[in-house]
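First the structure, in the form of structure tokens, and then the observations on it.
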Amino acid sequence: MGFKQHFFFLILFLKLQVFGQLPVSPEQLLSEYVQVKSVTGNEAPAALFLLEKCREAGLKTFIFNDEQNSFNFAASLYPLESGKPNVVFHSHCDVVHEGDSSKWTYPPFSGTIADSAVWGRGAIDNKALAVMQLMAISGFVDTARQAELPYNFTMLVVSNEENGGQLGAGRVINEYLDLLNPVVVFGEGGTGTKNVLMADPERTVYGISIIHKQGIWLDLSLKNNGSAHGAIASGDNIYNRLVAGLYRLQRQKQKIKITDASCLMSKELSAYEKGFIKCVYRHPKLFFPLVKKRILNDPLLSLIFTDTYNITNIDSPYSPMNSVANEVHAILDCRFLEPTRNEDLIHYINRKTRCPGMNIQVLKESAAAVFTQPDRYYRWLREAVLQNDPDAAVVPILFPAICDNNYFRNKEIPTYGFLPCYISAESAKWIHNIDERIPIDCLYQGIDIYRRLIKKAVAGQY
Ligand SMILES: [Zn+2]
């Protein structure tokens, strides 16, 4: 055996030590996973790819559902049937559509590794999370063989998240919750970011999501009896009436809402601030009304402390330019900090738009938000992050987007949403966008944080 062969086996040995049973780097694994296209509705090939990698890594797999649009499985250190309390790491294998692929720097499903990043649809959302989880958990396969650990550690990989999750997390929860037996779920959500702290904008703040907003999507429509001539009085025009109603709705003054979760978040942030801001964050109910303008003008804070009503689409059947179409629809995307009933929302929209004859239909709703009170699992994660990045701040946050986490929170399972790495503001813009990519460093950071977290659980640390 020559020097080259020795060198090859040394590298292989080191990789096995670092990345468990898989003789492949995280970036290579992510690149291959991204290459298996899995736009929602066609997830099975990507799920099967990952399932095979989990088996190669020595994990015990259990397939819950194996349909093309609903492929859900678990991969664990111990078989699920062992009944051990289970620390569950959740990810979804579906991705959103790639959009116009000619606009991408590299083809969206090429998984190109370039400029110290892995490129492609799903690279951040949500395939990187699965790679971090697989690399971290598989590093404990031998430990689990040699000793009886207090917990099982499981990757839960599901479909359909980008379309509401009923065929993914929803199905697993409804049909297999007892078998899965989760004591905690770590899924997607917050991440590390900068420019959060006024006292020290350069300090990285890692936000661990403990709640996200409830979403209700409405179709607002107006109809004519047949199309009208473009020369009619403008007040009779259904388009004009709808646009005016939507304008009245958008002009409503936003109210700052301080819920139990946002109060907790604010108080935790206060530990990292100074002077007046520290005081404001420590007593949000008292001081927030005084700095209302500042909060409403801040894109991040306004998301966290207000409900939002966004028009996402206005549509009507085709009509020539001198005719008013016979119907017009607007889609309204509403997000709430607190549980909101459909009837109350419809009443509110009617009152604020003042649009007679408008029909309001609920298109879809997500479960009301339930909040996870930070417990010892939160502390494990927090400590793991701080061991990896000692100068950082870690706070519980509200995550404004909707994901699978609420399925678990609704079953009163502590659920933390967190991509365990620092993501720059620029990188965050690539999510659901063209040129989605994740810096390779993020993968290594995520694996390290997860490994530290698992070590704490293995040690039974409280
Ligand atoms: Zn996602």
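Identifiers in this document derive from the order of the structure tokens: chains are assigned A, B, ..., residues are numbered from 1 separately in each chain, and ligands are numbered from 1 in order of occurrence.
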
Taking only stretch 128-316 of chain A into account, list the residues labelled strand (DSSP E) by DSSP (computed from the backbone), as a ChimeraX atom specification.
/A:152-158,182-193,205-212,214-223,228-229,308-315

Residue neighbourhood A:Glu98, 12 Å, only C-alpha atoms, exclusion window fewer than 3 positions, as a tab-separated table (two decimals) with all heavy atoms, in the first residue's frame:
```tsv
chain	number	residue	atom	x	y	z
A	34	VAL	N	-30.49	17.23	-3.01
A	34	VAL	CA	-31.11	18.32	-3.79
A	34	VAL	C	-31.39	17.86	-5.22
A	34	VAL	O	-32.39	18.25	-5.84
A	34	VAL	CB	-30.22	19.59	-3.76
A	34	VAL	CG1	-30.66	20.60	-4.81
A	34	VAL	CG2	-30.23	20.23	-2.38
A	37	LYS	N	-35.39	15.71	-7.37
A	37	LYS	CA	-36.44	16.74	-7.39
A	37	LYS	C	-37.65	16.28	-6.59
A	37	LYS	O	-38.10	15.14	-6.74
A	37	LYS	CB	-36.82	16.99	-8.85
A	37	LYS	CG	-37.80	18.12	-9.06
A	37	LYS	CD	-37.99	18.39	-10.56
A	37	LYS	CE	-39.06	19.45	-10.76
A	37	LYS	NZ	-39.22	19.81	-12.16
A	38	SER	N	-38.18	17.16	-5.75
A	38	SER	CA	-39.29	16.72	-4.89
A	38	SER	C	-40.27	17.86	-4.62
A	38	SER	O	-40.59	18.18	-3.47
A	38	SER	CB	-38.74	16.18	-3.56
A	38	SER	OG	-37.87	17.12	-2.96
A	39	VAL	N	-40.71	18.51	-5.70
A	39	VAL	CA	-41.73	19.55	-5.55
A	39	VAL	C	-42.98	18.88	-4.95
A	39	VAL	O	-43.31	17.75	-5.32
A	39	VAL	CB	-42.04	20.21	-6.91
A	39	VAL	CG1	-43.18	21.22	-6.79
A	39	VAL	CG2	-40.79	20.89	-7.47
A	40	THR	N	-43.63	19.58	-4.02
A	40	THR	CA	-44.77	19.01	-3.29
A	40	THR	C	-45.72	18.26	-4.23
A	40	THR	O	-46.12	18.80	-5.26
A	40	THR	CB	-45.55	20.15	-2.58
A	40	THR	OG1	-44.61	20.97	-1.91
A	40	THR	CG2	-46.56	19.59	-1.58
A	94	ASP	N	-40.35	17.72	0.89
A	94	ASP	CA	-40.88	18.43	-0.29
A	94	ASP	C	-40.30	19.83	-0.37
A	94	ASP	O	-39.85	20.40	0.63
A	94	ASP	CB	-42.42	18.47	-0.26
A	94	ASP	CG	-42.99	19.25	0.91
A	94	ASP	OD1	-42.44	19.13	2.03
A	94	ASP	OD2	-43.97	20.00	0.72
A	95	VAL	N	-40.29	20.35	-1.60
A	95	VAL	CA	-39.76	21.71	-1.83
A	95	VAL	C	-40.78	22.49	-2.66
A	95	VAL	O	-41.64	21.88	-3.31
A	95	VAL	CB	-38.41	21.68	-2.60
A	95	VAL	CG1	-37.36	20.95	-1.81
A	95	VAL	CG2	-38.56	21.07	-3.99
A	101	SER	N	-36.62	28.42	-14.28
A	101	SER	CA	-35.28	27.84	-14.08
A	101	SER	C	-34.21	28.55	-14.92
A	101	SER	O	-33.03	28.47	-14.59
A	101	SER	CB	-35.27	26.34	-14.32
A	101	SER	OG	-36.05	26.01	-15.42
A	102	SER	N	-34.64	29.28	-15.96
A	102	SER	CA	-33.62	29.98	-16.77
A	102	SER	C	-32.99	31.13	-15.98
A	102	SER	O	-31.93	31.64	-16.34
A	102	SER	CB	-34.25	30.51	-18.05
A	102	SER	OG	-35.13	31.57	-17.76
A	103	LYS	N	-33.63	31.54	-14.89
A	103	LYS	CA	-33.09	32.66	-14.11
A	103	LYS	C	-32.06	32.21	-13.07
A	103	LYS	O	-31.41	33.02	-12.43
A	103	LYS	CB	-34.23	33.39	-13.40
A	103	LYS	CG	-35.12	34.15	-14.37
A	103	LYS	CD	-36.03	35.12	-13.66
A	103	LYS	CE	-36.73	36.03	-14.66
A	103	LYS	NZ	-38.08	36.37	-14.25
A	104	TRP	N	-31.95	30.90	-12.87
A	104	TRP	CA	-31.00	30.39	-11.87
A	104	TRP	C	-29.58	30.43	-12.41
A	104	TRP	O	-29.35	30.19	-13.60
A	104	TRP	CB	-31.35	28.94	-11.51
A	104	TRP	CG	-32.59	28.78	-10.65
A	104	TRP	CD1	-33.87	29.03	-11.00
A	104	TRP	CD2	-32.63	28.31	-9.30
A	104	TRP	NE1	-34.72	28.75	-9.96
A	104	TRP	CE2	-33.99	28.30	-8.90
A	104	TRP	CE3	-31.67	27.88	-8.39
A	104	TRP	CZ2	-34.40	27.88	-7.63
A	104	TRP	CZ3	-32.08	27.47	-7.12
A	104	TRP	CH2	-33.42	27.48	-6.75
A	106	TYR	N	-27.22	28.29	-11.51
A	106	TYR	CA	-27.01	26.88	-11.84
A	106	TYR	C	-28.40	26.24	-11.90
A	106	TYR	O	-29.31	26.69	-11.19
A	106	TYR	CB	-26.18	26.17	-10.77
A	106	TYR	CG	-24.84	26.82	-10.54
A	106	TYR	CD1	-24.63	27.64	-9.43
A	106	TYR	CD2	-23.79	26.64	-11.44
A	106	TYR	CE1	-23.41	28.26	-9.22
A	106	TYR	CE2	-22.56	27.26	-11.24
A	106	TYR	CZ	-22.37	28.07	-10.13
A	106	TYR	OH	-21.17	28.70	-9.94
A	107	PRO	N	-28.59	25.19	-12.71
A	107	PRO	CA	-29.93	24.59	-12.78
A	107	PRO	C	-30.43	24.23	-11.37
A	107	PRO	O	-29.66	23.76	-10.53
A	107	PRO	CB	-29.69	23.33	-13.63
A	107	PRO	CG	-28.49	23.66	-14.46
A	107	PRO	CD	-27.62	24.53	-13.60
A	108	PRO	N	-31.73	24.48	-11.09
A	108	PRO	CA	-32.25	24.39	-9.71
A	108	PRO	C	-32.13	23.01	-9.07
A	108	PRO	O	-32.15	22.91	-7.85
A	108	PRO	CB	-33.72	24.80	-9.85
A	108	PRO	CG	-34.03	24.76	-11.30
A	108	PRO	CD	-32.75	24.97	-12.03
A	109	PHE	N	-32.01	21.95	-9.86
A	109	PHE	CA	-31.86	20.62	-9.24
A	109	PHE	C	-30.51	20.00	-9.58
A	109	PHE	O	-30.36	18.79	-9.62
A	109	PHE	CB	-33.04	19.72	-9.64
A	109	PHE	CG	-34.35	20.28	-9.17
A	109	PHE	CD1	-35.19	20.96	-10.03
A	109	PHE	CD2	-34.71	20.18	-7.83
A	109	PHE	CE1	-36.38	21.53	-9.58
A	109	PHE	CE2	-35.90	20.74	-7.36
A	109	PHE	CZ	-36.73	21.42	-8.23
A	110	SER	N	-29.50	20.88	-9.80
A	110	SER	CA	-28.16	20.38	-10.11
A	110	SER	C	-27.39	20.07	-8.84
A	110	SER	O	-26.43	19.30	-8.86
A	110	SER	CB	-27.39	21.41	-10.93
A	110	SER	OG	-27.22	22.59	-10.17
A	120	GLY	N	-29.33	25.02	-4.99
A	120	GLY	CA	-30.47	24.31	-5.56
A	120	GLY	C	-31.72	24.46	-4.72
A	120	GLY	O	-31.66	24.83	-3.54
A	121	ARG	N	-32.87	24.19	-5.35
A	121	ARG	CA	-34.14	24.29	-4.64
A	121	ARG	C	-34.16	23.28	-3.48
A	121	ARG	O	-33.88	22.11	-3.67
A	121	ARG	CB	-35.30	24.02	-5.61
A	121	ARG	CG	-36.63	23.90	-4.94
A	121	ARG	CD	-37.02	25.17	-4.14
A	121	ARG	NE	-37.52	26.23	-4.98
A	121	ARG	CZ	-37.03	27.49	-4.97
A	121	ARG	NH1	-36.05	27.83	-4.15
A	121	ARG	NH2	-37.53	28.40	-5.77
A	122	GLY	N	-34.44	23.79	-2.30
A	122	GLY	CA	-34.49	22.93	-1.11
A	122	GLY	C	-33.20	22.94	-0.31
A	122	GLY	O	-33.14	22.37	0.77
A	123	ALA	N	-32.15	23.61	-0.84
A	123	ALA	CA	-30.85	23.57	-0.15
A	123	ALA	C	-31.00	24.07	1.29
A	123	ALA	O	-30.49	23.45	2.23
A	123	ALA	CB	-29.82	24.39	-0.91
A	430	TRP	N	-32.81	33.93	-0.18
A	430	TRP	CA	-32.84	32.89	-1.23
A	430	TRP	C	-33.91	31.83	-0.95
A	430	TRP	O	-34.22	31.04	-1.84
A	430	TRP	CB	-31.47	32.20	-1.32
A	430	TRP	CG	-30.33	33.13	-1.60
A	430	TRP	CD1	-30.37	34.27	-2.36
A	430	TRP	CD2	-28.99	33.02	-1.12
A	430	TRP	NE1	-29.14	34.86	-2.38
A	430	TRP	CE2	-28.26	34.12	-1.62
A	430	TRP	CE3	-28.32	32.10	-0.32
A	430	TRP	CZ2	-26.91	34.32	-1.35
A	430	TRP	CZ3	-26.97	32.30	-0.05
A	430	TRP	CH2	-26.28	33.40	-0.56
A	431	ILE	N	-34.44	31.81	0.26
A	431	ILE	CA	-35.43	30.78	0.58
A	431	ILE	C	-36.68	31.00	-0.27
A	431	ILE	O	-37.18	32.13	-0.36
A	431	ILE	CB	-35.79	30.83	2.10
A	431	ILE	CG1	-34.54	30.57	2.93
A	431	ILE	CG2	-36.87	29.80	2.44
A	431	ILE	CD1	-34.71	30.82	4.41
A	432	HIS	N	-37.18	29.96	-0.89
A	432	HIS	CA	-38.34	30.01	-1.80
A	432	HIS	C	-38.07	30.95	-2.98
A	432	HIS	O	-39.00	31.45	-3.60
A	432	HIS	CB	-39.62	30.46	-1.08
A	432	HIS	CG	-40.20	29.43	-0.16
A	432	HIS	ND1	-41.54	29.36	0.13
A	432	HIS	CD2	-39.63	28.41	0.53
A	432	HIS	CE1	-41.76	28.36	0.97
A	432	HIS	NE2	-40.61	27.77	1.23
A	433	ASN	N	-36.81	31.21	-3.29
A	433	ASN	CA	-36.47	32.18	-4.33
A	433	ASN	C	-35.51	31.55	-5.33
A	433	ASN	O	-35.06	30.43	-5.11
A	433	ASN	CB	-35.81	33.39	-3.65
A	433	ASN	CG	-36.11	34.67	-4.38
A	433	ASN	OD1	-36.40	34.67	-5.58
A	433	ASN	ND2	-36.07	35.77	-3.67
A	434	ILE	N	-35.20	32.27	-6.39
A	434	ILE	CA	-34.20	31.71	-7.31
A	434	ILE	C	-32.83	31.76	-6.63
A	434	ILE	O	-32.59	32.56	-5.73
A	434	ILE	CB	-34.15	32.43	-8.68
A	434	ILE	CG1	-33.80	33.90	-8.51
A	434	ILE	CG2	-35.42	32.25	-9.48
A	434	ILE	CD1	-33.22	34.50	-9.78
A	435	ASP	N	-31.95	30.86	-7.07
A	435	ASP	CA	-30.58	30.77	-6.54
A	435	ASP	C	-30.53	30.43	-5.06
A	435	ASP	O	-29.60	30.83	-4.35
A	435	ASP	CB	-29.79	32.07	-6.82
A	435	ASP	CG	-29.27	32.11	-8.25
A	435	ASP	OD1	-29.32	31.06	-8.93
A	435	ASP	OD2	-28.82	33.18	-8.70
A	436	GLU	N	-31.52	29.66	-4.57
A	436	GLU	CA	-31.45	29.17	-3.19
A	436	GLU	C	-30.14	28.39	-3.02
A	436	GLU	O	-29.76	27.58	-3.86
A	436	GLU	CB	-32.64	28.24	-2.90
A	436	GLU	CG	-32.62	27.69	-1.48
A	436	GLU	CD	-33.87	26.85	-1.15
A	436	GLU	OE1	-34.85	26.86	-1.91
A	436	GLU	OE2	-33.83	26.18	-0.09
```

Ligand 1 neighbours within 10 Å using only C-alpha atoms and all ligand atoms, as a VMD selection string:
chain A and resid 91 to 96 122 124 to 127 129 160 to 162 187 to 189 401 to 404 431 to 432

Please list as an NGL selection string every residue within 12 Å of A:Asp219, counting only C-alpha atoms and excluding residues in the same chain fewer than 6 positions away.
:A and (242 or 310-315 or 328-334 or 346 or 349 or 358-364)

Given the selection you just returned, output its residues as a file containing N, CA, C and O atoms, formatted as an mmCIF file, in the first residue's frame.
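Done, and the output landed in part_29.cif:
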```cif
data_model
loop_
_atom_site.group_PDB
_atom_site.id
_atom_site.type_symbol
_atom_site.label_atom_id
_atom_site.label_comp_id
_atom_site.auth_asym_id
_atom_site.auth_seq_id
_atom_site.Cartn_x
_atom_site.Cartn_y
_atom_site.Cartn_z
ATOM 1 N N LEU A 242 -64.073 46.793 -4.966
ATOM 2 C CA LEU A 242 -63.197 45.883 -4.227
ATOM 3 C C LEU A 242 -61.874 46.564 -3.858
ATOM 4 O O LEU A 242 -61.405 46.481 -2.722
ATOM 5 N N ASN A 310 -52.521 40.491 4.297
ATOM 6 C CA ASN A 310 -51.853 40.790 3.030
ATOM 7 C C ASN A 310 -52.650 40.285 1.837
ATOM 8 O O ASN A 310 -53.066 39.126 1.806
ATOM 9 N N ILE A 311 -52.807 41.176 0.854
ATOM 10 C CA ILE A 311 -53.455 40.743 -0.389
ATOM 11 C C ILE A 311 -52.387 39.999 -1.191
ATOM 12 O O ILE A 311 -51.308 40.541 -1.452
ATOM 13 N N THR A 312 -52.670 38.756 -1.552
ATOM 14 C CA THR A 312 -51.653 37.994 -2.282
ATOM 15 C C THR A 312 -52.028 37.793 -3.748
ATOM 16 O O THR A 312 -51.210 37.349 -4.537
ATOM 17 N N ASN A 313 -53.287 38.106 -4.088
ATOM 18 C CA ASN A 313 -53.697 37.869 -5.463
ATOM 19 C C ASN A 313 -54.979 38.660 -5.748
ATOM 20 O O ASN A 313 -55.855 38.717 -4.906
ATOM 21 N N ILE A 314 -55.068 39.269 -6.932
ATOM 22 C CA ILE A 314 -56.351 39.819 -7.399
ATOM 23 C C ILE A 314 -56.577 39.261 -8.797
ATOM 24 O O ILE A 314 -55.667 39.300 -9.636
ATOM 25 N N ASP A 315 -57.743 38.713 -9.027
ATOM 26 C CA ASP A 315 -57.941 37.960 -10.267
ATOM 27 C C ASP A 315 -59.380 38.112 -10.752
ATOM 28 O O ASP A 315 -60.294 38.331 -9.954
ATOM 29 N N VAL A 328 -64.792 39.486 -9.682
ATOM 30 C CA VAL A 328 -63.417 39.794 -9.299
ATOM 31 C C VAL A 328 -63.153 39.182 -7.917
ATOM 32 O O VAL A 328 -64.029 39.178 -7.046
ATOM 33 N N HIS A 329 -61.954 38.615 -7.781
ATOM 34 C CA HIS A 329 -61.584 37.946 -6.531
ATOM 35 C C HIS A 329 -60.279 38.529 -5.995
ATOM 36 O O HIS A 329 -59.366 38.813 -6.767
ATOM 37 N N ALA A 330 -60.203 38.649 -4.685
ATOM 38 C CA ALA A 330 -58.920 38.980 -4.046
ATOM 39 C C ALA A 330 -58.641 37.904 -3.004
ATOM 40 O O ALA A 330 -59.556 37.453 -2.312
ATOM 41 N N ILE A 331 -57.402 37.475 -2.945
ATOM 42 C CA ILE A 331 -57.021 36.507 -1.910
ATOM 43 C C ILE A 331 -56.338 37.284 -0.792
ATOM 44 O O ILE A 331 -55.437 38.096 -1.039
ATOM 45 N N LEU A 332 -56.787 37.032 0.425
ATOM 46 C CA LEU A 332 -56.243 37.734 1.586
ATOM 47 C C LEU A 332 -55.574 36.709 2.501
ATOM 48 O O LEU A 332 -56.192 35.721 2.906
ATOM 49 N N ASP A 333 -54.301 36.953 2.775
ATOM 50 C CA ASP A 333 -53.516 36.061 3.641
ATOM 51 C C ASP A 333 -53.443 36.730 5.011
ATOM 52 O O ASP A 333 -52.826 37.787 5.170
ATOM 53 N N CYS A 334 -54.104 36.126 6.017
ATOM 54 C CA CYS A 334 -54.187 36.749 7.348
ATOM 55 C C CYS A 334 -53.404 35.908 8.357
ATOM 56 O O CYS A 334 -53.557 34.684 8.377
ATOM 57 N N ILE A 346 -64.319 37.235 9.610
ATOM 58 C CA ILE A 346 -65.207 37.656 8.516
ATOM 59 C C ILE A 346 -65.971 38.920 8.920
ATOM 60 O O ILE A 346 -66.105 39.872 8.132
ATOM 61 N N ILE A 349 -63.549 41.854 8.644
ATOM 62 C CA ILE A 349 -63.255 42.252 7.256
ATOM 63 C C ILE A 349 -64.458 43.005 6.657
ATOM 64 O O ILE A 349 -64.289 44.034 5.993
ATOM 65 N N MET A 358 -70.193 41.954 -0.991
ATOM 66 C CA MET A 358 -68.954 41.174 -1.071
ATOM 67 C C MET A 358 -69.156 39.808 -0.413
ATOM 68 O O MET A 358 -69.695 39.711 0.682
ATOM 69 N N ASN A 359 -68.717 38.777 -1.102
ATOM 70 C CA ASN A 359 -68.803 37.424 -0.552
ATOM 71 C C ASN A 359 -67.433 37.041 0.016
ATOM 72 O O ASN A 359 -66.410 37.271 -0.617
ATOM 73 N N ILE A 360 -67.422 36.493 1.230
ATOM 74 C CA ILE A 360 -66.145 36.094 1.841
ATOM 75 C C ILE A 360 -66.163 34.595 2.084
ATOM 76 O O ILE A 360 -67.078 34.078 2.727
ATOM 77 N N GLN A 361 -65.159 33.928 1.565
ATOM 78 C CA GLN A 361 -65.088 32.478 1.726
ATOM 79 C C GLN A 361 -63.736 32.101 2.340
ATOM 80 O O GLN A 361 -62.699 32.630 1.924
ATOM 81 N N VAL A 362 -63.769 31.209 3.340
ATOM 82 C CA VAL A 362 -62.512 30.751 3.930
ATOM 83 C C VAL A 362 -61.936 29.665 3.018
ATOM 84 O O VAL A 362 -62.570 28.646 2.769
ATOM 85 N N LEU A 363 -60.729 29.911 2.489
ATOM 86 C CA LEU A 363 -60.101 28.941 1.585
ATOM 87 C C LEU A 363 -59.349 27.877 2.374
ATOM 88 O O LEU A 363 -59.359 26.708 2.038
ATOM 89 N N LYS A 364 -58.701 28.315 3.438
ATOM 90 C CA LYS A 364 -57.834 27.402 4.178
ATOM 91 C C LYS A 364 -57.516 28.038 5.515
ATOM 92 O O LYS A 364 -57.502 29.268 5.630
#
```

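Comparing A:Asn86, A:Ser76, A:Ser116, A:Gln166 by their smallest distance to A:Leu134, the closest is A:Ser76 (using only C-alpha atoms).
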
Compile a residue-level contact table for stretch 182-236 of chain A against stretch 374-383 of chain A at a cut-off of 9 Å, reporting for every qualifying residue the shortest atom pair and its distance in Å to one decimal, with only C-alpha atoms counted, rows ordered by chain and ascending number, as JSON lines.
```
{"residue": "A:Val184", "atom": "CA", "partner": "A:Tyr377", "partner_atom": "CA", "distance": 7.1}
{"residue": "A:Tyr206", "atom": "CA", "partner": "A:Arg382", "partner_atom": "CA", "distance": 8.8}
{"residue": "A:Ile208", "atom": "CA", "partner": "A:Tyr378", "partner_atom": "CA", "distance": 8.3}
{"residue": "A:Ile210", "atom": "CA", "partner": "A:Pro374", "partner_atom": "CA", "distance": 7.4}
```

Can those selected residues be exported to a file as a compact mmCIF listing (two decimals), in the first residue's frame so that it contains C-alpha atoms?
```txt
# COMPACT_ATOMS: atom_id res chain seq x y z
CA VAL A 184 -39.76 16.74 22.18
CA TYR A 206 -30.09 32.64 17.58
CA ILE A 208 -35.51 29.31 18.70
CA ILE A 210 -41.62 28.40 20.42
```

Those of stretch 191-258 of chain A in DSSP helix (DSSP H, G or I), formatted as a list of chain:residue names:
A:Ser234, A:Gly235, A:Asp236, A:Ile238, A:Tyr239, A:Asn240, A:Arg241, A:Leu242, A:Val243, A:Ala244, A:Gly245, A:Leu246, A:Tyr247, A:Arg248, A:Leu249, A:Gln250

Which residues are close to A:Asn326, i.e. within 12 Å by only C-alpha atoms, leaving aside same-chain residues fewer than 5 positions away? Reply as a count of residues only.
20

Residues near A:Gly168, cut-off 8 Å, only C-alpha atoms, skip fewer than 6 positions along chain, as a PyMOL selection string
chain A and resi 70-72+158-161

With only C-alpha atoms as the basis for distance, which of A:Met135, A:Leu269, A:Ile256, A:Leu59 is at the shortest distance from A:Pro23?
A:Met135

For each of A:Asn322, A:Ser234, A:Ser209, A:Gln387, take the minimum atom-to-atom distance to A:Phe371, counting only C-alpha atoms, then give the residue where this is smallest.
A:Ser209

List the neighbours of A:Leu296 out to 9 Å using only C-alpha atoms; skip same-chain residues closer than 3 positions along the sequence, and give me the result as a list in words.
Gln254, Lys255, Ile256, Val291, Lys292, Lys293, Pro299, Leu300, Leu301, Ser302, Leu303, Phe305 and Thr306 of chain A

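Compared by their closest atoms to A:Leu337, and using only C-alpha atoms, the residues A:Ile413, A:Lys213, A:Tyr407, A:Val394 rank with A:Lys213 nearest.
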
Nearest to A:Gly192: which of A:Tyr176, A:Phe418, A:Tyr450, A:Phe287 is it, counting only C-alpha atoms?
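Going through A:Tyr176, A:Phe418, A:Tyr450, A:Phe287 one by one, the smallest distance to A:Gly192 is for A:Phe418.
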
For A:Asn406, find every residue with an atom within 10 Å (counting only C-alpha atoms), except residues of its own chain fewer than 4 positions away, and show them as JSON, numbers by chain.
{"A": [169, 170, 210, 211, 212, 213, 214, 366, 367, 368, 369, 370, 371, 372, 402, 410, 411, 412, 413, 415]}

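Each of A:Ile438, A:Val324, A:Ala261, A:Val385 was checked against A:Phe399 using only C-alpha atoms; the smallest atom-to-atom distance is that of A:Ala261.
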
Which distance in Å separates atom CA of A:Gly139 and atom CA of A:Leu51, to one decimal?
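Atom CA of A:Gly139 sits 16.6 Å away from atom CA of A:Leu51.
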